[in-house]
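**Student:** Structure incoming, see below.
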Amino acid sequence: MTIAAPLRRAIPAGATITQWSAPDGWKIRRFDWPADGAPRGAILFQGGRGDVFEKYLEAFGHWHAAGWTIASFDWRGQGGSGRLSPDPHVGHADDFAPWIKDLAAFWHAWEVPGPRVVMGHSMGGYLMLRGLLDHAVEPAAAVLVAQMLGLKAPVSPWLGEKVAQLMTRIGNPARAAWKGHERPGTRLDRSALLTHDPSRYDDEQFWYREKPEIQLGPPSWAWLARAFAETRALSGDRRIESLVVPIMLLVAEADALVDPRAALRIAERLPDAEVVRFGAEAAHELLREADQVRDRALAAIDQFLETRAG
């Protein structure tokens with residue numbers, strides 16, 4: 001059921017936005033929404049590259065109404081968690097390891113009752129899977145949404161990685177890899193890459209007008225090179241076959257930003273995985289899609305949590 005836009009554009013009563021200090025002192029912006037009454041459990045939801053947790057208030061409201069405590073934080077270097085580049089509009093990272101360390105530290109300091117579940121969208125989906133493999137998180141179950149387990153590129157991923165590596169060596173690796181758009185070389189505008197629902201796309205723009213300091217632009221060449229390298233390494237990680245945590249993967253087969261085929265290949269290797277596929281009706285942001293897609297995604301997640309998360 002669609003939640004009216006005004007409710008998607010306000011922090012819910014009972015929720016808090018605070019700062020948490022990572023072990024090295026880095027200030028991380030976090031969101032917490034305790035369940036009303038006795039909690040069913042707790043969900044840690046992490047967004048993708050450039051995301052902010054305000055974009056997912058509607059989904060948070062759905063799970064909170066079902067009795068879940070909700071938590072989320074902006075990844076280091078984006079949203080309200082500072083920047084890793086001198087240019088505040090460039091999403092830079094030399095290495096993904098600090099994000100895994102932040103995830104582990106948050107997880108082990110997060111004291112909430114009931115079974116704990118992790119969810120990750122896009123880059124957050126990659127980081128959650130990596131976190132599971134590295135034992136940074138040890139949840140009752142995991143949900144990966146439009147997961148970045150491979151990148152779409154105008155050229156092959158192999159050549160894309162080589163080009164990105166070259167660009168980090170011939171100039172400032174923290175400079176923007178392209179201007180403004182989510183993906184270079186495409187004729188689709190940004191909204192069409194993300195969702196078929198104009199009102200939900202506008203929710204994101206609303207938050208950027210309200211809090212311009214949380215908006216991020218294109219990735220750096222260093223981030224791009226690392227993303228290619230990280231997803232390539234993950235595809236050969238033999239630990240995948242021994243990962244016993246129940247995992248649901250929601251895959252958008254027409255996704256123009258991440259490679260759904262890479263996600264499906266990894267899903268086949270996971271010992272305990274459920275896959276829900278979406279076709280041409282779905283773009284990248286499944287939880288912010290038109291009702292037909294979004295409601296199906298939430299129903300699948302609800303059923304998975306009911307049966308696999310205690």
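By order of appearance in the structure tokens: chains A, B, ..., then residues from 1 within every chain, and ligands from 1 in the order shown.
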For Glu54 (chain A), list every protein, DNA or RNA residue within 8 Å, evaluated using only C-alpha atoms, and leave out those in the same chain fewer than 5 positions away; present the list as a list in words.
**Tutor:**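 Result of the neighbour search: Arg9, Ile11, Glu204 and Trp207 of chain A.
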**Student:** Need the shell around region 69-79 of chain A: protein/DNA/RNA residues with any atom at most 8 Å away, counting only C-alpha atoms. Skip same-chain ones fewer than 2 positions apart. Format as a PyMOL selection string?
**Tutor:** chain A and resi 26+28-35+39-47+49-53+60+63-64+67+81-85+91-93+99+102+213-216
**Student:** Given the choices A:Leu224, A:Val112, A:Leu144, A:Leu305, which gets closest to Phe96 (chain A) if the distance is worked out from only C-alpha atoms?
**Tutor:** A:Leu224
**Student:** Which one is closest to Phe278 (chain A): A:Ala59, A:Pro139, A:Glu253, A:Leu298? Count only C-alpha atoms.
**Tutor:**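 For Phe278 (chain A), the nearest of the candidates is A:Glu253.
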**Student:** From the set A:Arg296, A:Arg232, A:Lys101, A:His284, which residue has the shortest atom-to-atom contact distance to Ile266 (chain A), counting only C-alpha atoms?
**Tutor:**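 That would be A:Arg232, the residue with the smallest distance to Ile266 (chain A).
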**Student:** In terms of the shortest atom-to-atom distance over only C-alpha atoms, which of A:Arg288, A:Trp223, A:Pro113, A:Ile240 is closest to Tyr201 (chain A)?
**Tutor:**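 That would be A:Arg288, the residue with the smallest distance to Tyr201 (chain A).
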**Student:** Give the answer as one residue: which of A:Ala227, A:Ser21, A:Arg190, A:Asp295 has the shortest atom-to-atom distance to Lys162 (chain A), using only C-alpha atoms?
**Tutor:**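 Closest candidate: A:Ala227.
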**Student:** For Val137 (chain A), please output as an MDAnalysis selection string all residues within 8 Å (counting only C-alpha atoms; exclusion window: fewer than 4 positions along the same chain).
**Tutor:** chainID A and resid 103:104 107:108 128 131:132
**Student:** Check the smallest atom-to-atom distance from each of A:Pro115, A:Ser191, A:Ala256, A:Thr18 to Glu306 (chain A) using only C-alpha atoms, then report the winner.
**Tutor:**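 Among the listed residues, A:Pro115 lies closest to Glu306 (chain A).
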**Student:** Quick one: DSSP strand (DSSP E) residues in region 108-264 of chain A, as a PyMOL selection string?
**Tutor:** chain A and resi 116-121+141-145+247-252
**Student:** Enter the distance from CA of Gly217 (chain A) to CA of Pro157 (chain A), in Å, rounded to one decimal.
**Tutor:**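 Atom-to-atom, CA of Gly217 (chain A) to CA of Pro157 (chain A), that is 21.9 Å.
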**Student:** Mind giving me the straight-line distance from CA of Ala141 (chain A) to CA of Leu287 (chain A) in Å, one decimal?
**Tutor:**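 Going from CA of Ala141 (chain A) over to CA of Leu287 (chain A), I get 18.4 Å.
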**Student:** So that I can see what lies close to Ala282 (chain A), please list as a list of chain:residue names the residues with an atom at most 12 Å from it, counting only C-alpha atoms and leaving out residues fewer than 6 positions away in the same chain.
**Tutor:**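 Neighbouring residues, sequence-local ones excluded: A:Ala146, A:Ala192, A:Leu193, A:Leu194, A:Thr195, A:His196, A:Asp197, A:Leu250, A:Val251, A:Ala252, A:Glu253, A:Ala254, A:Asp255, A:Ala256, A:Arg288, A:Glu289, A:Ala290, A:Asp291, A:Gln292, A:Val293, A:Arg294, A:Asp295, A:Arg296, A:Ala297.
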